[in-house]
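This report refers to the structure that appears directly beneath it.
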Amino acid sequence: MSAANPSATRRRLAAHLNRRARWRWPEILFWLAILAVIFAAPSRAAIINEVLIAGLFALSLDLILGLAGIVSLGHAAFFGLGAYAAAILASKGFADPTLGLVLGAAVAAVAGLATAPLLLRGADLTRLMVTLGVSLMLGELANRNGWLTGGADGLNFSIAPVLGLFPIGFTGQRNAALYSFAVLFILFTIARRLAQSPFGLALAAIRENRLRAGALGIDTSRRIIAIYTLAAAYAGAAGALLAQTTQIVSLDLFDFHRSADVMLMLIIGGAGYLYGGLIGAAAFIVLRDVISAATPEYWEFWIGLALVILVLAGRERIGEAPRRLIALFSPRAARRGVA
Amino acid sequence: MSAPALEARGLKRNFGALIATDDVSFAVQPGARQALIGPNGAGKTTLINLLTGVIRPTAGQVLLRGRDVTGLPSSARVRMGLTRTFQINQLFPDLTPAESLGLAISERNGFGADFWRVAGNQPAIVAEIEDLLTRFGLEAELDQPTRKLAYGKQRLLEIALALAARPRVLLLDEPAAGVPEEERQDILAALAALPADVAILLIEHDMDLVFSFASRISVLVAGRLLTEGAPEEIAADERVRAVYLGEDAHG
């Protein structure tokens, strides 16, 4: 078959390898819909901003959990570091948001690079404990070094307009949401590209079978360190965004519940295809908002119940649903369906 | 004469009091078709793990084309031309054959850390994936997740993946293990078609396969190298018959 028409195989091969490279219209609609919501619901800008930031945070966890299969229960460490780095910079009078964002990501990246080697040995349980321990240590360091972090009081500061043009904060909540949207979109685009690159394939290989990945010459340790560092930078950027758009930081940024929440968001949305964190963040925060408005006293009970049901009902299915939806609209999948 | 493609010198490995590998020295010449046989528990797997760098020897050296690689991790040895297949499939269940091969080729080319280019946009890589798929008869399955492939096809992919690293030395760990009779021919044909310049060390239980494939056979018994020689010599060797082949094999 292929001998008679070698180019057919070649074409099928190239199409297969590039199948996720092109932006499909459900994806474009997804991003346009977010923009539309930001403009259509200015009174909800604060919660939209929170969703976007949580989505970026969950995306950063997806880079390690979804792409490389590395679990973490201490991802808030990088979120908190990024937030505090941006906040401290602003409180010292350097109020430019872009500068703070870059610094937040960079500080978190350095911490990620420094702690990544701890994740190379051991199984999932070891990693959960190590990452949890690191976040507890950082939280306590922030608590003890009040001269820099404000300790239990946290830090208040003001922030300059984005690019010197768009004021963010209480008077500019829509601008804040747009700022978060822009950062999320840019970082998502990079992550999306990365996931299809040889580097992304190598991460998939490490997730699927680390023994064989090594046997193909992949330096698995270096790849894990690289993606963990990048994920930390993303989490740091998310933290910096939260600090800048709320103009306050406090110790709860390092809290265990943040690490747990972001894991839940990713699991709700489905790990490994990058949109899961964004969908999960929206579902989680909206659910929390609706339930806590309805029953202010027992909201944690109901959200817990909802999560148990969600996960038992098959998180695979929940994760698969949007994926299948995307596949439904892709011409390739349609063709395969016919064949 | 040039240095052997792969050489073991006085390899020794203890697991506590157990001596799994005991002073093993042997060489695989460039382009060789060599087999390593031995009864269960002879230490074949330990020896492969020592050669590939999965475990470190208690004593002795491993040399690749004359270079001492004893201290190098397995990924570095792969980049120096030593790859292996696994007795139990070690594949990437959710990746497709095309992706798995593309990954291995990118890695060999040094694009492995490239995080920007899409693998399918590089014509040289696509052409090489196609070549391997065709050689191993995997074109039809190229975009199926590996876990959905028939077992025999998975065994073929196991070998194709190792070959994608363009090895100088290829260790085949029981390539036909568990393959149903009707798919066996595909494996044998794939082995026969392996590039002549690649030295191959076949670790196998199946004597028909060993004797049809190898021009030189090394016999491992209880962690020691019992004897080495041409297939006829091994078949005629009384000690080998006694410990391994049994009474009626190749009689």
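The way I read the labels, and the way they are meant: chains A, B, ... in the order of the structure tokens, residue 1 as the first residue of every chain, and ligand 1 as the first ligand shown, with later ones counted on from there.
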Distance table requested - stretch 137-250 of chain A against stretch 76-87 of chain B, cut-off 8 Å, only C-alpha atoms: one row per qualifying residue with the closest atom pair and its distance in Å to one decimal, ordered by chain and rising residue number, as CSV.
residue,atom,partner,partner_atom,distance
A:Ala215,CA,B:Thr83,CA,6.7
A:Leu216,CA,B:Val78,CA,6.5
A:Gly217,CA,B:Val78,CA,5.0
A:Asp219,CA,B:Ala76,CA,8.0
Find the residues of chain A that sit at most 7 Å from chain B; for each, write down the nearest two atoms and how far apart they are in Å, to one decimal. Count only C-alpha atoms. Sort by chain, then by number going up, and give it as JSON lines.
{"residue": "A:Thr9", "atom": "CA", "partner": "B:Glu139", "partner_atom": "CA", "distance": 6.8}
{"residue": "A:Arg10", "atom": "CA", "partner": "B:Glu130", "partner_atom": "CA", "distance": 6.4}
{"residue": "A:Ala14", "atom": "CA", "partner": "B:Gly120", "partner_atom": "CA", "distance": 5.3}
{"residue": "A:His16", "atom": "CA", "partner": "B:Asp143", "partner_atom": "CA", "distance": 6.4}
{"residue": "A:Leu17", "atom": "CA", "partner": "B:Gly120", "partner_atom": "CA", "distance": 4.7}
{"residue": "A:Asn18", "atom": "CA", "partner": "B:Gly120", "partner_atom": "CA", "distance": 5.3}
{"residue": "A:Arg193", "atom": "CA", "partner": "B:Trp116", "partner_atom": "CA", "distance": 6.2}
{"residue": "A:Leu194", "atom": "CA", "partner": "B:Phe115", "partner_atom": "CA", "distance": 4.9}
{"residue": "A:Gln196", "atom": "CA", "partner": "B:Val118", "partner_atom": "CA", "distance": 5.7}
{"residue": "A:Ser197", "atom": "CA", "partner": "B:Val118", "partner_atom": "CA", "distance": 4.6}
{"residue": "A:Pro198", "atom": "CA", "partner": "B:Gly112", "partner_atom": "CA", "distance": 5.4}
{"residue": "A:Phe199", "atom": "CA", "partner": "B:Phe115", "partner_atom": "CA", "distance": 4.9}
{"residue": "A:Gly200", "atom": "CA", "partner": "B:Phe115", "partner_atom": "CA", "distance": 6.8}
{"residue": "A:Leu201", "atom": "CA", "partner": "B:Leu103", "partner_atom": "CA", "distance": 6.1}
{"residue": "A:Ala202", "atom": "CA", "partner": "B:Leu103", "partner_atom": "CA", "distance": 6.4}
{"residue": "A:Ala205", "atom": "CA", "partner": "B:Phe92", "partner_atom": "CA", "distance": 6.1}
{"residue": "A:Glu208", "atom": "CA", "partner": "B:Phe92", "partner_atom": "CA", "distance": 5.2}
{"residue": "A:Asn209", "atom": "CA", "partner": "B:Phe92", "partner_atom": "CA", "distance": 5.9}
{"residue": "A:Arg212", "atom": "CA", "partner": "B:Gln90", "partner_atom": "CA", "distance": 5.7}
{"residue": "A:Gly214", "atom": "CA", "partner": "B:Ser75", "partner_atom": "CA", "distance": 5.4}
{"residue": "A:Ala215", "atom": "CA", "partner": "B:Ser75", "partner_atom": "CA", "distance": 6.1}
{"residue": "A:Leu216", "atom": "CA", "partner": "B:Ala104", "partner_atom": "CA", "distance": 6.0}
{"residue": "A:Gly217", "atom": "CA", "partner": "B:Ser75", "partner_atom": "CA", "distance": 4.1}
{"residue": "A:Ile218", "atom": "CA", "partner": "B:Ser75", "partner_atom": "CA", "distance": 5.9}
{"residue": "A:Asp219", "atom": "CA", "partner": "B:Ser75", "partner_atom": "CA", "distance": 5.9}
Grab the residues selected above and save them as a PDB file, in the first residue's frame with N, CA and C atoms.
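See again.pdb below for the written result:
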ATOM      1  N   THR A   9       1.252   7.976   2.941  1.00  0.00           N
ATOM      2  CA  THR A   9       1.675   7.766   4.324  1.00  0.00           C
ATOM      3  C   THR A   9       2.328   9.026   4.874  1.00  0.00           C
ATOM      4  N   ARG A  10       3.175   9.625   4.034  1.00  0.00           N
ATOM      5  CA  ARG A  10       3.889  10.827   4.461  1.00  0.00           C
ATOM      6  C   ARG A  10       2.905  11.935   4.839  1.00  0.00           C
ATOM      7  N   ALA A  14       2.377  13.546   8.512  1.00  0.00           N
ATOM      8  CA  ALA A  14       2.566  14.970   8.836  1.00  0.00           C
ATOM      9  C   ALA A  14       1.290  15.555   9.435  1.00  0.00           C
ATOM     10  N   HIS A  16      -0.980  13.937  11.075  1.00  0.00           N
ATOM     11  CA  HIS A  16      -1.140  13.398  12.426  1.00  0.00           C
ATOM     12  C   HIS A  16      -0.262  14.149  13.418  1.00  0.00           C
ATOM     13  N   LEU A  17       0.990  14.360  13.038  1.00  0.00           N
ATOM     14  CA  LEU A  17       1.912  15.008  13.972  1.00  0.00           C
ATOM     15  C   LEU A  17       1.566  16.487  14.184  1.00  0.00           C
ATOM     16  N   ASN A  18       0.929  17.076  13.189  1.00  0.00           N
ATOM     17  CA  ASN A  18       0.585  18.500  13.308  1.00  0.00           C
ATOM     18  C   ASN A  18      -0.858  18.722  13.759  1.00  0.00           C
ATOM     19  N   ARG A 193       2.205  25.587  22.590  1.00  0.00           N
ATOM     20  CA  ARG A 193       3.253  25.287  21.623  1.00  0.00           C
ATOM     21  C   ARG A 193       4.249  24.277  22.198  1.00  0.00           C
ATOM     22  N   LEU A 194       4.591  24.529  23.441  1.00  0.00           N
ATOM     23  CA  LEU A 194       5.559  23.668  24.106  1.00  0.00           C
ATOM     24  C   LEU A 194       5.064  22.220  24.181  1.00  0.00           C
ATOM     25  N   GLN A 196       3.437  20.533  22.156  1.00  0.00           N
ATOM     26  CA  GLN A 196       3.555  19.784  20.899  1.00  0.00           C
ATOM     27  C   GLN A 196       4.973  19.684  20.381  1.00  0.00           C
ATOM     28  N   SER A 197       5.874  20.342  21.049  1.00  0.00           N
ATOM     29  CA  SER A 197       7.262  20.347  20.599  1.00  0.00           C
ATOM     30  C   SER A 197       7.934  19.028  20.989  1.00  0.00           C
ATOM     31  N   PRO A 198       9.132  18.792  20.466  1.00  0.00           N
ATOM     32  CA  PRO A 198       9.871  17.610  20.917  1.00  0.00           C
ATOM     33  C   PRO A 198      10.031  17.596  22.445  1.00  0.00           C
ATOM     34  N   PHE A 199      10.201  18.762  23.029  1.00  0.00           N
ATOM     35  CA  PHE A 199      10.317  18.832  24.487  1.00  0.00           C
ATOM     36  C   PHE A 199       9.031  18.326  25.149  1.00  0.00           C
ATOM     37  N   GLY A 200       7.888  18.760  24.610  1.00  0.00           N
ATOM     38  CA  GLY A 200       6.604  18.317  25.151  1.00  0.00           C
ATOM     39  C   GLY A 200       6.413  16.817  24.980  1.00  0.00           C
ATOM     40  N   LEU A 201       6.829  16.291  23.825  1.00  0.00           N
ATOM     41  CA  LEU A 201       6.741  14.848  23.598  1.00  0.00           C
ATOM     42  C   LEU A 201       7.618  14.093  24.587  1.00  0.00           C
ATOM     43  N   ALA A 202       8.788  14.654  24.859  1.00  0.00           N
ATOM     44  CA  ALA A 202       9.685  14.001  25.812  1.00  0.00           C
ATOM     45  C   ALA A 202       9.043  13.970  27.200  1.00  0.00           C
ATOM     46  N   ALA A 205       6.603  11.260  27.224  1.00  0.00           N
ATOM     47  CA  ALA A 205       7.299   9.977  27.334  1.00  0.00           C
ATOM     48  C   ALA A 205       7.697   9.706  28.785  1.00  0.00           C
ATOM     49  N   GLU A 208       4.572   8.705  30.640  1.00  0.00           N
ATOM     50  CA  GLU A 208       4.038   7.408  30.263  1.00  0.00           C
ATOM     51  C   GLU A 208       4.951   6.258  30.668  1.00  0.00           C
ATOM     52  N   ASN A 209       6.238   6.464  30.543  1.00  0.00           N
ATOM     53  CA  ASN A 209       7.165   5.371  30.843  1.00  0.00           C
ATOM     54  C   ASN A 209       8.570   5.939  31.004  1.00  0.00           C
ATOM     55  N   ARG A 212      11.577   3.732  29.773  1.00  0.00           N
ATOM     56  CA  ARG A 212      11.839   3.711  28.344  1.00  0.00           C
ATOM     57  C   ARG A 212      12.336   5.067  27.866  1.00  0.00           C
ATOM     58  N   GLY A 214      14.252   7.063  29.376  1.00  0.00           N
ATOM     59  CA  GLY A 214      15.692   7.062  29.616  1.00  0.00           C
ATOM     60  C   GLY A 214      16.420   6.181  28.622  1.00  0.00           C
ATOM     61  N   ALA A 215      15.784   5.054  28.263  1.00  0.00           N
ATOM     62  CA  ALA A 215      16.409   4.118  27.335  1.00  0.00           C
ATOM     63  C   ALA A 215      16.453   4.662  25.912  1.00  0.00           C
ATOM     64  N   LEU A 216      15.722   5.753  25.647  1.00  0.00           N
ATOM     65  CA  LEU A 216      15.809   6.390  24.331  1.00  0.00           C
ATOM     66  C   LEU A 216      16.812   7.536  24.339  1.00  0.00           C
ATOM     67  N   GLY A 217      17.493   7.703  25.446  1.00  0.00           N
ATOM     68  CA  GLY A 217      18.513   8.747  25.507  1.00  0.00           C
ATOM     69  C   GLY A 217      18.013  10.054  26.088  1.00  0.00           C
ATOM     70  N   ILE A 218      16.748  10.075  26.537  1.00  0.00           N
ATOM     71  CA  ILE A 218      16.226  11.304  27.138  1.00  0.00           C
ATOM     72  C   ILE A 218      16.814  11.462  28.535  1.00  0.00           C
ATOM     73  N   ASP A 219      17.392  12.610  28.776  1.00  0.00           N
ATOM     74  CA  ASP A 219      17.892  12.896  30.115  1.00  0.00           C
ATOM     75  C   ASP A 219      16.682  13.309  30.963  1.00  0.00           C
TER      76      ASP A 219
END
**Request:** Extract, using only C-alpha atoms, all DNA, RNA and protein residues at most 10 Å from A:Gly236, discarding same-chain residues fewer than 4 positions from it, and format them as a PyMOL selection string.
**Result:** chain A and resi 56-57+60+75-86+101-109+111-112+230-232+240-242
Produce a file of the selected residues containing N, CA and C atoms, as a short mmCIF file (atom, residue, chain, number, x, y, z; two decimals), in the first residue's frame.
data_model
loop_
_atom_site.label_atom_id
_atom_site.label_comp_id
_atom_site.auth_asym_id
_atom_site.auth_seq_id
_atom_site.Cartn_x
_atom_site.Cartn_y
_atom_site.Cartn_z
N LEU A 56 -4.67 30.45 35.42
CA LEU A 56 -3.23 30.45 35.12
C LEU A 56 -2.47 29.59 36.12
N PHE A 57 -2.89 29.68 37.37
CA PHE A 57 -2.26 28.86 38.42
C PHE A 57 -2.48 27.37 38.12
N SER A 60 -0.38 26.20 35.33
CA SER A 60 1.01 25.95 35.74
C SER A 60 1.13 24.56 36.37
N HIS A 75 2.13 23.55 45.38
CA HIS A 75 2.32 24.49 44.29
C HIS A 75 2.09 25.93 44.73
N ALA A 76 1.36 26.11 45.85
CA ALA A 76 1.12 27.46 46.36
C ALA A 76 2.43 28.14 46.75
N ALA A 77 3.48 27.38 47.00
CA ALA A 77 4.76 27.99 47.35
C ALA A 77 5.18 28.99 46.28
N PHE A 78 5.03 28.59 45.02
CA PHE A 78 5.47 29.45 43.93
C PHE A 78 4.49 30.60 43.68
N PHE A 79 3.22 30.28 43.89
CA PHE A 79 2.18 31.31 43.79
C PHE A 79 2.45 32.40 44.82
N GLY A 80 2.68 31.99 46.05
CA GLY A 80 2.95 32.94 47.13
C GLY A 80 4.23 33.72 46.90
N LEU A 81 5.26 33.02 46.45
CA LEU A 81 6.54 33.70 46.19
C LEU A 81 6.38 34.78 45.12
N GLY A 82 5.71 34.44 44.04
CA GLY A 82 5.49 35.41 42.97
C GLY A 82 4.71 36.60 43.47
N ALA A 83 3.68 36.33 44.28
CA ALA A 83 2.85 37.41 44.81
C ALA A 83 3.68 38.32 45.71
N TYR A 84 4.44 37.72 46.61
CA TYR A 84 5.23 38.54 47.54
C TYR A 84 6.34 39.30 46.82
N ALA A 85 6.95 38.66 45.81
CA ALA A 85 8.01 39.36 45.07
C ALA A 85 7.44 40.61 44.40
N ALA A 86 6.28 40.46 43.76
CA ALA A 86 5.65 41.60 43.09
C ALA A 86 5.23 42.65 44.12
N LEU A 101 5.54 41.62 37.49
CA LEU A 101 5.14 40.32 36.94
C LEU A 101 6.38 39.49 36.58
N VAL A 102 7.32 40.15 35.90
CA VAL A 102 8.54 39.45 35.49
C VAL A 102 9.33 39.02 36.73
N LEU A 103 9.41 39.92 37.71
CA LEU A 103 10.16 39.58 38.92
C LEU A 103 9.49 38.41 39.65
N GLY A 104 8.16 38.46 39.76
CA GLY A 104 7.43 37.39 40.44
C GLY A 104 7.70 36.04 39.79
N ALA A 105 7.63 36.02 38.46
CA ALA A 105 7.87 34.78 37.74
C ALA A 105 9.32 34.33 37.93
N ALA A 106 10.25 35.28 37.88
CA ALA A 106 11.67 34.94 37.97
C ALA A 106 12.02 34.38 39.35
N VAL A 107 11.51 35.03 40.40
CA VAL A 107 11.81 34.55 41.76
C VAL A 107 11.24 33.14 41.95
N ALA A 108 10.02 32.93 41.48
CA ALA A 108 9.41 31.60 41.60
C ALA A 108 10.20 30.58 40.79
N ALA A 109 10.68 30.99 39.62
CA ALA A 109 11.45 30.08 38.78
C ALA A 109 12.73 29.65 39.49
N ALA A 111 13.21 29.49 42.68
CA ALA A 111 12.83 28.55 43.74
C ALA A 111 12.49 27.19 43.15
N GLY A 112 11.83 27.19 41.99
CA GLY A 112 11.50 25.92 41.33
C GLY A 112 12.75 25.17 40.93
N LEU A 230 9.76 25.92 34.84
CA LEU A 230 8.82 26.70 34.05
C LEU A 230 7.46 26.79 34.74
N ALA A 231 7.01 25.66 35.28
CA ALA A 231 5.71 25.65 35.98
C ALA A 231 5.76 26.60 37.18
N ALA A 232 6.89 26.61 37.87
CA ALA A 232 7.03 27.51 39.01
C ALA A 232 6.94 28.97 38.54
N ALA A 240 1.82 36.93 41.14
CA ALA A 240 2.10 38.36 40.93
C ALA A 240 0.84 39.07 40.43
N LEU A 241 0.12 38.41 39.52
CA LEU A 241 -1.12 39.02 39.01
C LEU A 241 -2.12 39.24 40.14
N LEU A 242 -2.26 38.26 41.00
CA LEU A 242 -3.22 38.40 42.10
C LEU A 242 -2.80 39.55 43.02
#
**Request:** May I ask for the distance between atom CA of A:Thr246 and atom CA of A:Leu148, given in Å to one decimal place?
**Result:**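 So the answer is 18.9 Å.
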**Asked** Skipping near chain neighbours, those fewer than 3 positions away, what residues fall within 9 Å of A:Ile64 using only C-alpha atoms, listed as a PyMOL selection string?
**Response** chain A and resi 60-61+67-72+203+224+227-228+230-231
How would the residues just picked look written out with C-alpha atoms as a PDB file, in the first residue's frame?
ATOM      1  CA  SER A  60       1.010  25.949  35.743  1.00  0.00           C
ATOM      2  CA  LEU A  61       0.135  22.793  37.683  1.00  0.00           C
ATOM      3  CA  LEU A  67       2.349  16.976  30.794  1.00  0.00           C
ATOM      4  CA  ALA A  68       5.040  15.292  32.866  1.00  0.00           C
ATOM      5  CA  GLY A  69       3.018  13.375  35.475  1.00  0.00           C
ATOM      6  CA  ILE A  70       4.695  15.033  38.463  1.00  0.00           C
ATOM      7  CA  VAL A  71       2.283  15.504  41.379  1.00  0.00           C
ATOM      8  CA  SER A  72       2.552  18.430  43.785  1.00  0.00           C
ATOM      9  CA  LEU A 203       7.633  15.050  28.847  1.00  0.00           C
ATOM     10  CA  ILE A 224      11.792  17.281  34.828  1.00  0.00           C
ATOM     11  CA  ILE A 227       9.421  21.833  33.269  1.00  0.00           C
ATOM     12  CA  TYR A 228       9.216  22.198  37.037  1.00  0.00           C
ATOM     13  CA  LEU A 230       8.816  26.703  34.046  1.00  0.00           C
ATOM     14  CA  ALA A 231       5.714  25.649  35.976  1.00  0.00           C
TER      15      ALA A 231
END
